[in-house]
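In what follows, a single structure is set out as structure tokens and then discussed.
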Amino acid sequence: MSMQTPFAAEIPKETRRLVEPLLAADSVYRLVGNEIDQIVSDEDFLDMYATEGRPAVNPVVLALVSIFQFLEKLPDRAAADAVVMRLDWKYGLRQELTWTGFHYSDLCNFRKRLLEHGREWVVFERLVAYLRERGYIKGRGKQRTDATKILGYVARLSRLEVVWETIRLALGALVRTDASWVGKYVPISFVDTYSQRRWDFRVGKAKIQQRMREAGQEGYWLLEQVEGHGSDELKVLVEIEQLRRVLEEQFTRGEDGKIPPRPRQQAKGDVITTPHDPEVRYGYKGGQGWVGYKLQVTETADKGSRFITDVEIVPAMRQDNQCLAAVQDRLVERGIPPGKQYVDQAYMSGYHIADSLSKGIDLRGYVREGNLSKPEGFRLRDFEIDIEQRQAICPAGKKQAKWVRAKPGVNNLIAYHVQFGPQCQLCPYFGPDLCTDKPNGRHLGINAHHDLIQARRLETETEAFRQEMHIRAGIEGTVSEMVRSHGLRRSRYRGTRKNQLQALFGAAAVNLKRLAHCLSLFALVRSILRSVPMAPMA
């Protein structure tokens, strides 16, 4: 398809005459209609289309409609209807009042085209650049980051149901690709068993274990049939590769030929939780578990402006501190790195404080207290630690007996091991509820960034720091706005990149809404100032 229809350079006269008086001062559609050519243009999408071919719906129009539908939580069909019936949408899209729009499937095809060409970030990036150029977003200011759960567009399955469904999808792919091969090498009883969905609802634990072993044997049998008798085309089917991975994650193959299920603790983490969306994962946060993704949100926190500067969809089981470096790198690339970044405890560690400082970012947040497993007695903060001198002094005034560097790769959080030795047995604080009751004395694990951590812990005890951290709470309101007003709690699509596109359109909708509100306030202030008579100069 080719892009032969350019986006309108201005709002049609009749559309402006009839619709503009009806729009509120803070209308997003008024803002978009008047300013959109300063934000995004046809040139941003040129490489997505051929120079010849059937004319496509203008990509700027489709991008704006995608934002509008997230602004009002509309599906594709309703958005396509609104394009025809809504006057404010036609004003924002710079279309004639008689414009009949397009088919709703064009929105789906546009999203596919964005993903195929790696342009899912383009609209959000252009909007952030527009806000930066006009001073709404400033580099080295205050920003805050938080995460929230995203529920996947899938049903939650048990381990047994995951295996059953994976076999069913693999068998279906084999039938669609080469039905004659299936008829020759797969018994009709196997096809009948896995031709429809199966559930383990109200099945006892013992029966589930038995069926789990049977499913493992049947899954491996099907793989052996494909590998032993199938063509190269069958062997590389996505569903067959997925079956192979699920079986490896859920079962072990013994030398005796048995295929027992793996213990539950070994089948957690980065494992497929449903074959219908292999990228969703099980996540747990705040006492709640879910199957889906996690959304990282960053926004400005300076007075007078609250604009989203970054959004990212990550696997649900990924820890927040594992996402921080990527967030900061993207902010640096956009030319809007924060001077201070406010986060909660999940993002804080000695390494991340040091890494942020190397980028010129002061990471602000509470650091978790060390040695939380010790209910009473002295903690690490009660010891005098001097890393440069390799010296540790306990609360009783005794120096360590041994200071050794930790082996690399064993525990990345621990850089040094400190042992006080048998001298602890003669200490008045020797005992289970005091310091230690171990014959070898007290042991300390020292972080490589111990000094930074301790300095931050001391700072968090001040009233000034507690007042400052009130800034971080504002991100909770933004997350709630994205979830409640723009439907970002639930995935509309399947796959990380498609959900990333959903998050980017949702964030763009929030930014446009806030920008429209800011501009209406500025216009109101200007009108008030103009109406106030100037006092004569002396």
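Starting from 1 in every chain, residues are counted up; chains themselves are A, B, ... following the order of the structure tokens, and ligands are numbered from 1 as listed.
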
Requested in this report: Fewer than 3 positions away in the same chain doesn't count, so skip those; otherwise give me all residues within 8 Å of range 67-81 of chain A, counting only C-alpha atoms, as a PyMOL selection string.
Outcome: chain A and resi 63-64+84-85+101-105+107-108+485-487+505-506+508-510

Query - Who sits within 10 Å of Leu169 in chain A, only C-alpha atoms, same chain under 2 positions skipped, as number ranges by chain - result: A: 164-167, 171-175, 194-197, 238-240, 242-243, 275-276

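CA of Glu461 in chain A is found 25.8 Å from CA of Thr298 in chain A.
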
Requested in this report: Counting only C-alpha atoms, figure out which residue out of A:Gln296, A:Gln209, A:Thr273, A:Ser2 gets nearest to Gln322 in chain A.
Outcome: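 Ranking A:Gln296, A:Gln209, A:Thr273, A:Ser2 by distance to Gln322 in chain A, first place goes to A:Gln296.
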
Which residues of range 44-137 of chain A have any atom within 9 Å of an atom in range 326-341 of chain A when counting only C-alpha atoms, and what is the closest pair of atoms for each, with the distance in Å to one decimal? Order the rows by chain and rising number and write it as a Markdown table.
| residue | atom | partner | partner_atom | distance |
| --- | --- | --- | --- | --- |
| A:Glu125 | CA | A:Arg334 | CA | 8.1 |
| A:Val128 | CA | A:Arg334 | CA | 8.3 |
| A:Ala129 | CA | A:Arg334 | CA | 7.6 |
| A:Arg132 | CA | A:Ile336 | CA | 7.7 |
| A:Ile137 | CA | A:Ile336 | CA | 7.2 |

Requested in this report: Point out the residue among A:Phe124, A:Phe522, A:Tyr429, A:Phe7 with the least atom-to-atom distance to Asp42 in chain A, counting only C-alpha atoms.
Outcome: A:Phe7

Requested in this report: Please run DSSP on the backbone and report, as a ChimeraX atom specification, all residues within range 95-234 of chain A that come out as helix (DSSP H, G or I).
Outcome: /A:105-116,122-133,159-177,179-185,188-193,205-229,232-234

Report task. Considering only C-alpha atoms, return as a PyMOL selection string whatever protein or nucleic-acid residues lie within 10 Å of Thr51 in chain A, sequence-local ones (same chain, fewer than 3 positions apart) excluded. Result -> chain A and resi 1-4+46-48+54-55

Export N, CA and C atoms of the chosen residues as an mmCIF file, in the first residue's frame?
data_model
loop_
_atom_site.group_PDB
_atom_site.id
_atom_site.type_symbol
_atom_site.label_atom_id
_atom_site.label_comp_id
_atom_site.auth_asym_id
_atom_site.auth_seq_id
_atom_site.Cartn_x
_atom_site.Cartn_y
_atom_site.Cartn_z
ATOM 1 N N MET A 1 0.847 -1.193 0.000
ATOM 2 C CA MET A 1 0.000 0.000 0.000
ATOM 3 C C MET A 1 0.885 1.246 0.000
ATOM 4 N N SER A 2 0.367 2.324 -0.529
ATOM 5 C CA SER A 2 1.127 3.564 -0.644
ATOM 6 C C SER A 2 0.423 4.690 0.114
ATOM 7 N N MET A 3 1.202 5.684 0.500
ATOM 8 C CA MET A 3 0.658 6.818 1.230
ATOM 9 C C MET A 3 0.481 7.980 0.257
ATOM 10 N N GLN A 4 -0.646 7.967 -0.447
ATOM 11 C CA GLN A 4 -0.904 8.979 -1.467
ATOM 12 C C GLN A 4 -1.794 10.106 -0.961
ATOM 13 N N LEU A 46 6.763 7.529 6.544
ATOM 14 C CA LEU A 46 7.028 7.305 5.122
ATOM 15 C C LEU A 46 7.631 5.934 4.846
ATOM 16 N N ASP A 47 8.563 5.485 5.700
ATOM 17 C CA ASP A 47 9.246 4.218 5.432
ATOM 18 C C ASP A 47 8.360 3.007 5.677
ATOM 19 N N MET A 48 7.127 3.212 6.136
ATOM 20 C CA MET A 48 6.204 2.109 6.370
ATOM 21 C C MET A 48 5.381 1.767 5.125
ATOM 22 N N ARG A 54 -2.056 0.565 -3.894
ATOM 23 C CA ARG A 54 -3.367 1.067 -3.500
ATOM 24 C C ARG A 54 -3.223 2.087 -2.376
ATOM 25 N N PRO A 55 -3.902 3.227 -2.453
ATOM 26 C CA PRO A 55 -3.779 4.254 -1.413
ATOM 27 C C PRO A 55 -4.267 3.738 -0.057
#
